[in-house]
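A quick write-up on the structure given underneath.
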Amino acid sequence: MLNWFFDLFVGLPSWAEFLANIFFLGVGMVLLVKGADYFVDSASSLAKILGVSTLIIGLTIVSFGTSAPEASVSIFSQISGSSDISLGNIVGSNLFNSMVVLGSSAIFAPIVVHYSLVKREIPFMVMVTAILFAFAVFFGVNGNYVLLQIEGIILLVLFVWYLAMNFKVAKSGKEVILDIEDDIDIMPAKKSIIFLLLGLLMIIIGGEMVVSGAKNTALMLGVSEALVGLTIVALGTSLPELVTSVVAARKNENDIALGNVIGSNIFNILLVLGIGSTIGGMVIQPIVIIDLLILLGFTFFLTWTIVVNKKITKAYGYLYLGLYVTYIIYIIFRELG
């Protein structure tokens, strides 16, 4: 949709074209984050006006809103034939969420883990991460690593089942859904509709700008699209989770930080990769399998620390951040070498 716009900068000197791509990559990220913000606020307001319960808002609108940047980037990456950015974005985002978002939150105050998360959400996150790894490694085509359309459909079916189970449990009143807020500001209906459409438009345009900017930047730097997806794009699309968790941590509501990260990681795999691979399958570069293995390994490590300690301490927060820095150094040297 915006290819003609980026073509305007092709004739510029290489340094000017590079700066233009970086600039529009940054603008795209801002549009994604603010667009998701507008979308969630206006949709929640409309839902309240229509009498929809806060439960439904939390399980659908808010959850989709935090995953909207990843979903937008994934869809446009698939359409433009850049599946490396799509998969790299999700793997990178989930690593960033687990290591940086939780690590940063735990540094403010220890994250106490609710029993419901240990019982249901955390095991489910481990399961879907393992399923993704199995799909990528053991069910390829002609010796290639691929996420097939049928696998994307399976991920989407699991996503619907996950939503249904959460809705059933929450409706029973036996457990609390951590990321649902009751103090939603209600905007007038007309304003809500305008901001809903504006937010959706910003998400769409921002997603395409991020994909095009990242793709062009990778080409000009001579690095892989997977590296850009694992680092720059992953960081940009994970900003909503980071901001939400840091704000929650400063208010000593760190359980919300953990709930948001776990929910986001599940949504990214089931919804975003489910949609992306259903569109046309995803070819996976062999080197990205290592990143998937690192994600699976850290997911197991995170689960172990939570189950053993029943909380994430400040020491573990620093450890998570250190592991992420080590991972970034590793993939940069991997790319250079």
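Starting from 1 in every chain, residues are counted up; chains themselves are A, B, ... following the order of the structure tokens, and ligands are numbered from 1 as listed.
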Q: For region 97-102 of chain A, please output as a ChimeraX atom specification all residues within 6 Å (counting only C-alpha atoms; exclusion window: fewer than 5 positions along the same chain).
A: /A:242,261,320-321,324
Go ahead and write the selection's residues with C-alpha atoms as a compact mmCIF listing (two decimals), in the first residue's frame.
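Writing done, so here's result.txt:
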```txt
# COMPACT_ATOMS: atom_id res chain seq x y z
CA LEU A 242 6.91 -2.65 28.58
CA VAL A 261 3.57 -10.84 29.76
CA TYR A 320 16.90 -11.85 33.15
CA LEU A 321 18.21 -8.50 31.88
CA TYR A 324 18.88 -10.67 27.31
```
Q | Close residues, Leu31 (chain A) itself excluded, 6 Å, only C-alpha atoms, min 4 positions apart in chain, as a ChimeraX atom specification | A | /A:35,202,206
Q) Which is closest to Ala189 (chain A) among A:Trp15, A:Ala47, A:Ile332, A:Leu163, if we use only C-alpha atoms? A) A:Ala47
(Q) Restricting the calculation to only C-alpha atoms: of A:Ala164, A:Ala109, A:Ile85, A:Ile266, which residue gets closest to Ala315 (chain A)? (A) A:Ala109
(Q) Among region 9-114 of chain A, which ones does DSSP assign to helix (DSSP H, G or I) (computed from the backbone)? Answer as a ChimeraX atom specification. (A) /A:14-49,54-79,83-108
